[in-house]
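The file structure07.cif comes next; it holds mmCIF, C-alpha atoms and all ligand atoms.
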data_upload
#
loop_
_atom_site.label_atom_id
_atom_site.label_comp_id
_atom_site.auth_asym_id
_atom_site.auth_seq_id
_atom_site.Cartn_x
_atom_site.Cartn_y
_atom_site.Cartn_z
CA MET A 249 -123.26 25.05 182.53
CA LYS A 250 -122.21 25.56 186.14
CA VAL A 251 -120.74 28.86 187.18
CA HIS A 252 -117.22 27.52 187.72
CA HIS A 253 -117.30 25.90 184.27
CA LEU A 254 -118.14 29.26 182.78
CA ALA A 255 -115.30 30.83 184.74
CA MET A 256 -112.90 28.17 183.51
CA LEU A 257 -114.02 28.76 179.94
CA ALA A 258 -113.43 32.47 180.37
CA VAL A 259 -109.92 31.85 181.69
CA VAL A 260 -109.11 29.55 178.77
CA CYS A 261 -110.39 32.13 176.29
CA LEU A 262 -108.39 34.88 177.95
CA GLN A 263 -105.24 32.75 177.87
CA ALA A 264 -105.80 32.07 174.19
CA LEU A 265 -106.10 35.80 173.58
CA ALA A 266 -103.04 36.63 175.63
CA ALA A 267 -100.83 33.91 174.14
CA PRO A 268 -98.75 34.99 171.15
CA ALA A 269 -99.35 33.55 167.72
CA ARG A 270 -96.39 31.28 168.36
CA ALA A 271 -94.63 30.98 171.68
CA GLY A 272 -90.91 31.26 171.13
CA GLU A 273 -87.70 31.21 173.06
CA ILE A 274 -85.89 34.43 173.85
CA GLU A 275 -82.25 34.20 174.76
CA VAL A 276 -80.85 37.42 176.21
CA LEU A 277 -77.22 38.28 176.90
CA HIS A 278 -76.68 40.53 179.90
CA TRP A 279 -74.50 41.00 182.97
CA TRP A 280 -77.14 41.99 185.47
CA ILE A 281 -76.50 39.71 188.42
CA SER A 282 -75.98 41.98 191.45
CA GLY A 283 -78.91 42.60 193.84
CA GLY A 284 -80.64 45.52 192.11
CA GLU A 285 -79.64 44.44 188.61
CA ALA A 286 -81.01 40.94 189.12
CA ARG A 287 -84.34 42.27 190.37
CA ALA A 288 -84.58 44.47 187.29
CA ALA A 289 -83.68 41.60 184.94
CA GLN A 290 -86.30 39.46 186.66
CA ALA A 291 -88.95 42.02 185.69
CA LEU A 292 -88.00 41.59 182.04
CA LYS A 293 -88.05 37.82 182.31
CA ALA A 294 -91.48 37.88 183.95
CA SER A 295 -92.96 40.12 181.27
CA MET A 296 -91.79 37.72 178.56
CA GLN A 297 -93.06 34.67 180.38
CA ALA A 298 -96.42 36.38 180.82
CA LYS A 299 -96.62 36.46 177.02
CA GLY A 300 -96.04 32.71 176.90
CA HIS A 301 -92.41 32.79 175.76
CA THR A 302 -89.52 30.86 177.24
CA TRP A 303 -86.78 33.04 178.71
CA LYS A 304 -83.19 31.87 178.42
CA ASP A 305 -80.59 33.77 180.41
CA PHE A 306 -77.24 34.23 178.70
CA VAL A 307 -75.39 35.75 181.62
CA VAL A 308 -71.72 36.64 181.59
CA ALA A 309 -70.67 38.08 184.95
CA GLY A 310 -68.59 41.25 185.19
CA GLY A 311 -69.79 44.79 185.94
CA GLY A 312 -69.55 47.12 182.97
CA GLY A 313 -69.94 44.16 180.60
CA ASP A 314 -66.44 43.87 179.11
CA SER A 315 -66.40 40.06 179.54
CA ALA A 316 -69.96 39.75 178.26
CA ILE A 317 -69.11 41.47 174.98
CA THR A 318 -66.03 39.28 174.46
CA VAL A 319 -68.16 36.13 174.87
CA LEU A 320 -70.88 37.58 172.64
CA LYS A 321 -68.37 38.13 169.83
CA SER A 322 -67.32 34.49 169.79
CA ARG A 323 -70.94 33.29 169.91
CA VAL A 324 -71.90 35.49 166.97
CA LEU A 325 -68.82 34.49 164.99
CA SER A 326 -69.73 30.83 165.42
CA GLY A 327 -73.19 31.57 163.98
CA ASN A 328 -75.04 31.14 167.26
CA ALA A 329 -76.23 34.62 168.19
CA PRO A 330 -78.73 35.13 171.02
CA ALA A 331 -82.02 36.90 170.24
CA ALA A 332 -80.97 40.05 172.10
CA ALA A 333 -77.83 41.38 173.74
CA GLN A 334 -77.07 44.29 176.00
CA ILE A 335 -75.09 46.45 173.58
CA LYS A 336 -74.80 50.21 173.97
CA GLY A 337 -73.73 53.43 172.33
CA PRO A 338 -71.47 53.53 169.28
CA SER A 339 -71.05 49.75 169.45
CA LEU A 340 -74.62 49.43 168.18
CA GLN A 341 -73.55 50.98 164.88
CA ALA A 342 -70.43 48.83 164.76
CA TRP A 343 -72.44 45.63 165.25
CA ALA A 344 -75.15 46.70 162.80
CA SER A 345 -72.59 47.41 160.09
CA THR A 346 -71.51 43.75 160.16
CA GLY A 347 -75.04 42.78 159.08
CA VAL A 348 -75.94 40.57 162.07
CA LEU A 349 -78.62 42.78 163.60
CA ALA A 350 -82.32 42.63 162.74
CA SER A 351 -84.66 45.54 162.05
CA ILE A 352 -87.49 45.99 164.51
CA ASN A 353 -88.93 48.90 162.57
CA ASP A 354 -92.38 47.31 162.34
CA VAL A 355 -92.72 47.38 166.15
CA ALA A 356 -91.14 50.82 166.43
CA LYS A 357 -93.42 52.31 163.74
CA ALA A 358 -96.59 50.74 165.11
CA GLU A 359 -95.78 52.01 168.59
CA HIS A 360 -94.50 55.47 167.53
CA TRP A 361 -91.09 55.19 169.16
CA ASP A 362 -89.87 58.27 167.30
CA GLU A 363 -92.31 60.35 169.30
CA LEU A 364 -91.70 58.56 172.60
CA LEU A 365 -87.90 58.75 172.75
CA PRO A 366 -85.54 61.71 173.09
CA LYS A 367 -83.83 62.23 169.72
CA VAL A 368 -80.36 61.63 171.17
CA VAL A 369 -81.60 58.15 172.09
CA SER A 370 -83.64 57.21 169.02
CA GLU A 371 -80.76 58.16 166.71
CA GLN A 372 -78.46 55.77 168.53
CA MET A 373 -80.99 52.91 168.31
CA LYS A 374 -81.12 53.16 164.51
CA PHE A 375 -78.85 52.00 161.74
CA LYS A 376 -79.49 53.54 158.31
CA GLY A 377 -82.92 54.62 159.52
CA ASP A 378 -83.97 51.23 160.93
CA TYR A 379 -84.38 50.52 164.62
CA ILE A 380 -82.00 47.66 165.50
CA ALA A 381 -82.18 48.06 169.28
CA VAL A 382 -84.57 49.01 172.03
CA PRO A 383 -83.53 51.34 174.88
CA VAL A 384 -84.28 50.35 178.45
CA ASN A 385 -83.35 53.23 180.73
CA VAL A 386 -81.25 56.28 181.46
CA HIS A 387 -78.53 55.92 184.08
CA ARG A 388 -76.63 58.89 185.50
CA VAL A 389 -72.95 58.28 186.22
CA ASN A 390 -71.88 61.45 188.07
CA TRP A 391 -73.30 60.58 191.47
CA LEU A 392 -71.67 60.42 194.87
CA TRP A 393 -73.32 57.97 197.28
CA LEU A 394 -72.79 58.45 200.97
CA ASN A 395 -73.78 56.89 204.25
CA PRO A 396 -75.35 59.65 206.42
CA ALA A 397 -74.88 57.72 209.67
CA VAL A 398 -71.13 57.48 209.05
CA PHE A 399 -71.03 61.18 208.19
CA ALA A 400 -72.94 62.09 211.36
CA ARG A 401 -70.77 59.86 213.54
CA THR A 402 -67.50 61.28 212.25
CA GLY A 403 -68.64 64.89 211.82
CA ALA A 404 -67.89 64.86 208.08
CA LYS A 405 -69.95 67.19 205.85
CA PRO A 406 -71.43 66.08 202.50
CA PRO A 407 -69.30 67.77 199.82
CA SER A 408 -70.45 69.78 196.82
CA ASN A 409 -67.06 70.75 195.45
CA TRP A 410 -63.63 69.11 195.36
CA ASP A 411 -62.19 71.10 198.28
CA GLU A 412 -65.07 69.96 200.44
CA PHE A 413 -64.68 66.43 199.16
CA PHE A 414 -61.07 66.23 200.35
CA ILE A 415 -61.99 67.77 203.70
CA ALA A 416 -64.75 65.17 204.17
CA ALA A 417 -62.44 62.36 203.03
CA GLU A 418 -59.76 63.47 205.50
CA THR A 419 -62.29 63.63 208.35
CA LEU A 420 -63.53 60.11 207.58
CA LYS A 421 -60.00 58.76 207.28
CA LYS A 422 -58.92 60.30 210.60
CA ALA A 423 -61.96 58.69 212.24
CA GLY A 424 -60.69 55.29 211.03
CA VAL A 425 -63.32 54.83 208.31
CA ILE A 426 -62.52 53.96 204.69
CA ALA A 427 -63.37 57.29 203.10
CA LEU A 428 -64.07 56.04 199.60
CA ALA A 429 -65.20 52.56 198.58
CA HIS A 430 -63.61 51.87 195.21
CA GLY A 431 -63.37 48.83 193.02
CA GLY A 432 -60.04 48.77 191.22
CA GLN A 433 -61.18 47.41 187.86
CA THR A 434 -60.35 49.33 184.69
CA TRP A 435 -63.97 50.29 183.92
CA GLN A 436 -64.47 51.54 187.48
CA ASP A 437 -61.20 53.49 187.42
CA LEU A 438 -62.41 55.18 184.24
CA THR A 439 -65.89 55.74 185.69
CA LEU A 440 -64.25 57.63 188.56
CA PHE A 441 -61.88 59.43 186.21
CA GLU A 442 -64.62 60.72 183.89
CA THR A 443 -66.56 61.95 186.91
CA VAL A 444 -63.50 63.88 188.07
CA ALA A 445 -62.95 65.15 184.51
CA LEU A 446 -66.47 66.60 184.46
CA GLY A 447 -66.27 68.03 187.97
CA VAL A 448 -62.87 69.64 187.50
CA GLY A 449 -62.92 70.54 183.80
CA GLY A 450 -66.64 71.14 183.15
CA PRO A 451 -68.91 69.89 180.35
CA GLU A 452 -67.13 71.60 177.46
CA PHE A 453 -63.76 70.20 178.45
CA TYR A 454 -65.30 66.73 178.93
CA ARG A 455 -66.81 66.81 175.46
CA LYS A 456 -63.71 68.11 173.69
CA ALA A 457 -61.26 65.84 175.50
CA LEU A 458 -63.13 62.61 176.11
CA VAL A 459 -65.78 62.52 173.40
CA GLN A 460 -64.15 64.39 170.52
CA LEU A 461 -60.68 63.19 171.60
CA ASN A 462 -59.07 66.52 170.80
CA PRO A 463 -55.28 66.00 171.31
CA ALA A 464 -54.72 69.52 172.66
CA GLU A 465 -57.40 69.00 175.34
CA LEU A 466 -56.13 65.50 176.12
CA SER A 467 -52.73 66.93 176.92
CA GLY A 468 -53.49 70.44 178.17
CA ALA A 469 -53.45 72.19 181.55
CA THR A 470 -57.05 71.22 182.40
CA MET A 471 -56.30 67.54 181.82
CA GLU A 472 -53.27 67.88 184.06
CA ALA A 473 -55.48 69.28 186.84
CA VAL A 474 -57.97 66.43 186.31
CA LEU A 475 -55.24 63.81 186.57
CA SER A 476 -53.81 65.39 189.74
CA THR A 477 -57.23 65.52 191.41
CA PHE A 478 -57.94 61.94 190.37
CA LYS A 479 -54.67 60.74 191.88
CA ARG A 480 -55.24 62.72 195.07
CA ILE A 481 -58.30 60.54 195.70
CA LYS A 482 -56.32 57.29 195.82
CA PRO A 483 -55.04 57.55 199.43
CA TYR A 484 -58.66 57.66 200.57
CA THR A 485 -59.38 54.19 199.15
CA ASP A 486 -58.38 50.98 200.95
CA LYS A 487 -55.64 48.54 200.08
CA ASN A 488 -58.14 45.81 199.19
CA SER A 489 -59.71 47.82 196.42
CA PRO A 490 -57.81 46.24 193.46
CA GLY A 491 -60.12 43.89 191.57
CA ARG A 492 -63.14 44.55 193.78
CA ASP A 493 -66.57 44.39 192.11
CA TRP A 494 -68.57 47.64 192.15
CA ASN A 495 -71.45 46.12 194.11
CA LEU A 496 -69.09 44.98 196.86
CA ALA A 497 -67.87 48.56 197.10
CA THR A 498 -71.51 49.68 197.43
CA ALA A 499 -72.00 47.06 200.16
CA MET A 500 -69.19 48.72 202.14
CA VAL A 501 -71.13 51.98 202.13
CA ILE A 502 -74.38 50.18 202.99
CA LYS A 503 -72.71 48.52 205.99
CA GLY A 504 -71.00 51.71 207.11
CA GLU A 505 -67.50 50.34 206.53
CA ALA A 506 -66.93 53.14 204.05
CA GLY A 507 -68.31 56.67 203.86
CA MET A 508 -68.71 57.25 200.12
CA GLN A 509 -68.68 55.76 196.64
CA PHE A 510 -68.60 57.37 193.20
CA MET A 511 -70.76 55.26 190.90
CA GLY A 512 -73.59 55.40 188.39
CA ASP A 513 -77.06 55.02 189.82
CA TRP A 514 -77.12 51.25 189.32
CA ALA A 515 -75.58 51.59 192.82
CA LYS A 516 -78.97 52.86 193.99
CA GLY A 517 -80.45 49.52 192.93
CA GLU A 518 -78.02 47.88 195.37
CA PHE A 519 -78.98 50.13 198.27
CA LEU A 520 -82.68 49.53 197.62
CA ALA A 521 -82.26 45.77 197.21
CA ALA A 522 -80.50 45.73 200.60
CA GLY A 523 -83.44 47.56 202.20
CA SER A 524 -81.54 50.85 202.56
CA LEU A 525 -83.79 53.86 201.92
CA PRO A 526 -82.93 57.11 200.13
CA GLY A 527 -82.37 60.00 202.54
CA LYS A 528 -82.10 57.56 205.45
CA GLY A 529 -79.72 54.68 204.75
CA PHE A 530 -78.01 56.51 201.90
CA ILE A 531 -77.80 59.93 200.30
CA CYS A 532 -77.32 60.62 196.60
CA THR A 533 -75.64 63.87 195.66
CA PRO A 534 -74.20 64.96 192.32
CA ALA A 535 -70.44 64.36 192.22
CA PRO A 536 -68.45 67.47 193.26
CA GLY A 537 -68.62 70.28 190.71
CA SER A 538 -71.06 68.47 188.42
CA ALA A 539 -74.50 69.40 189.78
CA LYS A 540 -75.78 70.87 186.54
CA ALA A 541 -74.26 68.29 184.22
CA PHE A 542 -75.24 64.73 183.41
CA ILE A 543 -73.06 61.85 182.25
CA TYR A 544 -75.47 59.31 180.83
CA VAL A 545 -75.54 55.60 180.13
CA ILE A 546 -78.45 54.23 178.15
CA ASP A 547 -78.78 50.48 178.38
CA SER A 548 -80.24 48.94 175.28
CA PHE A 549 -80.87 45.54 173.76
CA ALA A 550 -79.67 44.96 170.22
CA MET A 551 -81.70 42.44 168.26
CA PHE A 552 -79.96 39.73 166.25
CA LYS A 553 -81.22 38.13 163.02
CA LEU A 554 -82.87 34.83 163.88
CA LYS A 555 -83.86 31.84 161.74
CA ASN A 556 -86.77 30.48 163.77
CA PRO A 557 -90.00 32.48 163.09
CA ALA A 558 -91.45 31.76 166.57
CA ASN A 559 -88.30 33.21 168.14
CA THR A 560 -88.62 36.28 165.95
CA VAL A 561 -92.14 36.77 167.32
CA ALA A 562 -90.72 36.51 170.85
CA GLN A 563 -87.99 39.00 169.94
CA LYS A 564 -90.50 41.58 168.73
CA ASP A 565 -92.58 41.01 171.85
CA LEU A 566 -89.47 41.73 173.91
CA ALA A 567 -88.94 45.01 172.06
CA SER A 568 -92.53 45.99 172.63
CA ALA A 569 -92.50 44.97 176.31
CA VAL A 570 -89.35 46.97 177.04
CA MET A 571 -90.92 50.17 175.72
CA SER A 572 -94.22 49.70 177.58
CA PRO A 573 -94.92 52.21 180.40
CA GLU A 574 -95.53 49.38 182.90
CA PHE A 575 -92.17 47.80 182.22
CA GLN A 576 -90.32 51.13 182.14
CA GLU A 577 -91.66 51.81 185.62
CA VAL A 578 -91.05 48.48 187.34
CA PHE A 579 -87.66 47.90 185.72
CA ASN A 580 -86.27 51.33 186.52
CA LEU A 581 -87.60 51.35 190.07
CA ASN A 582 -85.39 48.32 190.64
CA LYS A 583 -82.44 49.26 188.47
CA GLY A 584 -81.80 52.72 189.95
CA SER A 585 -82.19 54.40 186.57
CA ILE A 586 -85.04 56.49 185.13
CA PRO A 587 -87.40 55.61 182.27
CA VAL A 588 -86.12 56.41 178.80
CA ARG A 589 -89.68 56.81 177.51
CA MET A 590 -90.71 60.47 177.65
CA GLY A 591 -93.75 61.65 179.57
CA GLN A 592 -93.58 58.78 182.02
CA LYS A 593 -95.18 59.31 185.45
CA MET A 594 -92.52 59.64 188.15
CA ASP A 595 -94.73 59.54 191.25
CA LYS A 596 -93.48 56.13 192.41
CA PHE A 597 -89.83 57.15 192.01
CA ASP A 598 -87.62 58.49 194.82
CA ASP A 599 -85.97 61.90 195.03
CA CYS A 600 -82.72 60.71 193.44
CA ALA A 601 -84.63 59.55 190.35
CA LYS A 602 -86.79 62.68 190.27
CA ALA A 603 -83.66 64.85 190.41
CA SER A 604 -82.10 62.75 187.69
CA ALA A 605 -85.12 63.19 185.42
CA LEU A 606 -85.12 66.99 185.87
CA ASP A 607 -81.35 67.26 185.44
CA PHE A 608 -81.43 65.11 182.29
CA THR A 609 -83.81 67.54 180.58
CA ALA A 610 -82.00 70.63 181.87
CA ALA A 611 -78.58 69.29 180.88
CA ALA A 612 -79.81 68.51 177.36
CA LYS A 613 -80.77 72.18 176.96
CA SER A 614 -77.47 73.55 178.27
CA ALA A 615 -75.10 71.25 176.33
CA ALA A 616 -74.19 69.50 179.58
CA LEU A 617 -75.61 66.09 178.64
CA LEU A 618 -72.58 63.90 178.08
CA PRO A 619 -72.08 60.25 177.14
CA SER A 620 -70.13 58.01 179.51
CA VAL A 621 -66.77 56.95 178.11
CA ALA A 622 -66.27 54.24 180.71
CA ASN A 623 -69.63 52.64 180.05
CA GLY A 624 -69.61 52.33 176.30
CA MET A 625 -71.50 55.46 175.29
CA ALA A 626 -68.93 57.84 173.85
CA VAL A 627 -66.16 56.34 171.75
CA SER A 628 -65.34 53.14 169.86
CA SER A 629 -64.66 50.10 172.02
CA ALA A 630 -61.01 50.14 170.85
CA VAL A 631 -60.47 53.70 172.07
CA GLU A 632 -62.42 53.05 175.25
CA GLY A 633 -60.26 50.01 176.01
CA ALA A 634 -57.04 51.93 175.36
CA ILE A 635 -58.11 54.86 177.56
CA LYS A 636 -59.12 52.48 180.33
CA GLU A 637 -55.62 50.99 180.29
CA VAL A 638 -53.89 54.37 180.54
CA VAL A 639 -56.15 55.63 183.33
CA SER A 640 -55.70 52.45 185.38
CA GLN A 641 -51.94 52.46 184.84
CA PHE A 642 -51.79 56.03 186.06
CA TRP A 643 -54.03 55.24 189.06
CA ASN A 644 -51.93 52.23 190.07
CA SER A 645 -48.44 53.50 189.34
CA ASP A 646 -46.35 55.32 191.90
CA ARG A 647 -44.14 56.73 189.21
CA MET A 648 -46.17 57.75 186.18
CA THR A 649 -46.42 61.54 185.91
CA PRO A 650 -49.49 63.37 184.56
CA ALA A 651 -47.33 64.39 181.57
CA GLU A 652 -46.63 60.76 180.71
CA ALA A 653 -50.27 59.81 181.20
CA MET A 654 -51.36 62.60 178.87
CA GLN A 655 -48.93 61.47 176.18
CA LYS A 656 -50.32 57.93 176.44
CA MET A 657 -53.86 59.27 176.37
CA VAL A 658 -53.21 61.04 173.06
CA SER A 659 -52.00 57.73 171.54
CA ALA A 660 -54.90 55.82 173.12
CA ALA A 661 -57.30 58.14 171.33
CA LYS A 662 -55.94 56.84 168.02
CA ALA A 663 -56.56 53.15 168.82
CA ARG A 664 -58.32 51.18 166.07
C1 LIG B 701 -73.05 49.47 183.13
C2 LIG B 701 -74.48 49.25 182.74
C3 LIG B 701 -75.35 49.31 183.92
C4 LIG B 701 -74.83 48.47 185.05
C5 LIG B 701 -73.32 48.61 185.24
C6 LIG B 701 -72.71 47.66 186.25
O1 LIG B 701 -72.23 49.41 182.02
O2 LIG B 701 -74.85 50.23 181.83
O3 LIG B 701 -76.64 48.92 183.56
O4 LIG B 701 -75.19 47.17 184.87
O5 LIG B 701 -72.66 48.47 184.04
O6 LIG B 701 -72.81 46.34 185.86
#
Can you give me the file's structure in the form of structure tokens?
Ligand code: GAL
Amino acid sequence: MKVHHLAMLAVVCLQALAAPARAGEIEVLHWWISGGEARAAQALKASMQAKGHTWKDFVVAGGGGDSAITVLKSRVLSGNAPAAAQIKGPSLQAWASTGVLASINDVAKAEHWDELLPKVVSEQMKFKGDYIAVPVNVHRVNWLWLNPAVFARTGAKPPSNWDEFFIAAETLKKAGVIALAHGGQTWQDLTLFETVALGVGGPEFYRKALVQLNPAELSGATMEAVLSTFKRIKPYTDKNSPGRDWNLATAMVIKGEAGMQFMGDWAKGEFLAAGSLPGKGFICTPAPGSAKAFIYVIDSFAMFKLKNPANTVAQKDLASAVMSPEFQEVFNLNKGSIPVRMGQKMDKFDDCAKASALDFTAAAKSAALLPSVANGMAVSSAVEGAIKEVVSQFWNSDRMTPAEAMQKMVSAAKAR
């Protein structure tokens, strides 16, 4: 046999070994279409294709995923669920309790997920002891992104507390720059609001008011201060902000049209995808007053019960691929988040990610690790929706007082 025949034979044998028992189709619902998000999603697609499976995108546009979940509900109700869907936080339990999710315990047991994941994460991925979802990453919400060139040009100083923030915002505004790039969509309004709530009220207030929905905290003096600070930010946004997508707001900072943006670190994925480098094109700094605390979002894929056995093989391969160290690295380098798998090497990650990883661990020890309300991690989707409405109404209204907003917030907390 000639040498190249031998080589060919070797390749064929290797392919046979690498190919799964049965190649299946994997349909995945997500909303990752902006620059950094799309690059991250592509990494997932590639890892499935490498295993011989067919990837089917089920994309519903809309940052934060509200539209995606609405479409998912109707697909599942009509008996046509995808293999996996980007579902997070308490919604995982809600979906699992309807009986549509599949257990992936065999994969999780074989790969020792219990030992590889922080407990706060593994608990959320399980329903009645069975893994029904696989976690992808850890995002931090309480970041402020700023353009250092714009700061240098205008003489503004990067802020670390709210007084400094308003001084910087005023300096930028006077220099004719949009101080804060904001996208006026309800989930972004609430993302900003929860960041202010943490920075002004602190971790304990955040937990009592926004996670435990304690009526006294939702309507007390601290909440009033949070609402006033939140509203004070509005004049530093531009008149075109209503309806703007979050990634377009990030683009304003990238281009130097705006000085700052409050956003979770999926914004970092945008900067990187645009070729902007940390410390040079952009700076990440914890949102004012929140340096030691951490509002988290953990993206995860819930697995649906499937009829076709080949697709079930593909589904389990997806779960396994997502938890692999290689995938955790490449995906999170693109997404702006950090690996959810513990003990992962961070040498390829930038300083923002390294800080995030250290702060995540420190915050967990000091009770300052908090779930994001705006991004589906803290409360039921009904309560989240109701709170979003109140916060956006307050942000947009010229007349609503903090007292009225607080009253509405207390009712929103009772939404079913
Ligand atoms: C969040 C999600 C992130 C990011 C963001 C903007 O809810 O957790 O992964 O995609 O929405 O779309």
What are the centre and edge lengths in Å, to one decimal, of the axis-aligned box around all listed atoms of ligand LIG 701 (chain B) with 8 Å added on each side, as AutoDock Vina command-line options?
--center_x -74.4 --center_y 48.3 --center_z 184.0 --size_x 20.4 --size_y 19.9 --size_z 20.4
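We find atom CA of Ser351 of chain A and atom CA of Leu554 of chain A to be spaced 11.0 Å apart.
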9 Å contact set for Thr443 of chain A, all atoms listed in the file, chain neighbours under 5 positions out, as a list of chain:residue names: A:Val389, A:Asn390, A:Trp391, A:Leu438, A:Val448, A:Phe510, A:Met511, A:Ala535, A:Pro536, A:Ser538, A:Ile543
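Proximity ranking of A:Val384, A:Leu461, A:Leu392, A:Ala291 relative to ligand LIG 701 (chain B) places A:Val384 first, based on only C-alpha atoms and all ligand atoms.
You can rank A:Trp410, A:Trp435, A:Tyr454, A:Phe575 by their closest distance to ligand LIG 701 (chain B) using all atoms listed in the file, and at the top of that list sits A:Trp435.
Omitting segment 636-646 of chain A and its sequence neighbours fewer than 3 positions away, and counting all atoms listed in the file, the residues within 7 Å are Thr434, Trp435, Asp437, Leu438, Lys479, Glu632, Gly633, Ala653, Lys656 and Met657 of chain A.
Using all atoms listed in the file, the nearest neighbour of ligand LIG 701 (chain B) within the list A:Val369, A:Val319, A:Ile335, A:Ala562 is A:Ile335.
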Residues within 7 Å of ligand LIG 701 (chain B), counting only C-alpha atoms and all ligand atoms, as a PyMOL selection string: chain A and resi 279-280+285+310-313+514+545-547+623-624
Residue neighbourhood Pro338 of chain A, 8 Å, all atoms listed in the file, exclusion window fewer than 3 positions, as a PyMOL selection string: chain A and resi 341-342+372+624-628
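For the set A:Gly529, A:Gly449, A:Gly517, A:Gly377, the residue with the smallest atom-to-atom gap to Lys583 of chain A is A:Gly517, counting all atoms listed in the file.
Proximity of A:Ile352, A:Val382, A:Met508, A:Ala404 to Ile426 of chain A, computed with only C-alpha atoms, is greatest for A:Met508.
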Nearest to Glu577 of chain A by atom-to-atom distance, counting all atoms listed in the file, from A:Ala333, A:Val348, A:Ala601, A:Ala539: A:Ala601
Non-local contacts of Ala515 of chain A (9 Å; all atoms listed in the file; under 4 positions in same chain excluded) as a PDB file with C-alpha atoms, in the frame of the given file:
ATOM      1  CA  GLY A 284     -80.640  45.520 192.110  1.00  0.00           C
ATOM      2  CA  TRP A 393     -73.320  57.970 197.280  1.00  0.00           C
ATOM      3  CA  TRP A 494     -68.570  47.640 192.150  1.00  0.00           C
ATOM      4  CA  ASN A 495     -71.450  46.120 194.110  1.00  0.00           C
ATOM      5  CA  THR A 498     -71.510  49.680 197.430  1.00  0.00           C
ATOM      6  CA  GLN A 509     -68.680  55.760 196.640  1.00  0.00           C
ATOM      7  CA  MET A 511     -70.760  55.260 190.900  1.00  0.00           C
ATOM      8  CA  PHE A 519     -78.980  50.130 198.270  1.00  0.00           C
ATOM      9  CA  LEU A 520     -82.680  49.530 197.620  1.00  0.00           C
ATOM     10  CA  LYS A 583     -82.440  49.260 188.470  1.00  0.00           C
ATOM     11  CA  GLY A 584     -81.800  52.720 189.950  1.00  0.00           C
TER      12      GLY A 584
END
Fill-in result for segment 473-477 of chain A, all heavy atoms as a compact mmCIF listing (two decimals), in the frame of the given file:
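Dumped to rebuild.txt:
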# COMPACT_ATOMS: atom_id res chain seq x y z
N ALA A 473 -54.78 69.05 185.56
CA ALA A 473 -55.48 69.28 186.84
C ALA A 473 -56.41 68.11 187.16
O ALA A 473 -56.54 67.68 188.31
CB ALA A 473 -56.27 70.59 186.77
N VAL A 474 -57.06 67.58 186.12
CA VAL A 474 -57.97 66.43 186.31
C VAL A 474 -57.17 65.23 186.83
O VAL A 474 -57.56 64.57 187.81
CB VAL A 474 -58.68 66.09 184.97
CG1 VAL A 474 -59.41 64.75 185.07
CG2 VAL A 474 -59.65 67.19 184.57
N LEU A 475 -56.05 64.98 186.16
CA LEU A 475 -55.24 63.81 186.57
C LEU A 475 -54.74 63.96 188.00
O LEU A 475 -54.73 62.99 188.78
CB LEU A 475 -54.06 63.64 185.60
CG LEU A 475 -54.43 63.02 184.24
CD1 LEU A 475 -53.36 63.31 183.20
CD2 LEU A 475 -54.66 61.51 184.35
N SER A 476 -54.32 65.18 188.37
CA SER A 476 -53.81 65.39 189.74
C SER A 476 -54.92 65.18 190.76
O SER A 476 -54.69 64.56 191.80
CB SER A 476 -53.25 66.79 189.91
OG SER A 476 -52.32 67.04 188.91
N THR A 477 -56.11 65.69 190.47
CA THR A 477 -57.23 65.52 191.41
C THR A 477 -57.58 64.04 191.55
O THR A 477 -57.79 63.53 192.65
CB THR A 477 -58.47 66.32 190.93
OG1 THR A 477 -58.08 67.67 190.73
CG2 THR A 477 -59.60 66.26 191.94
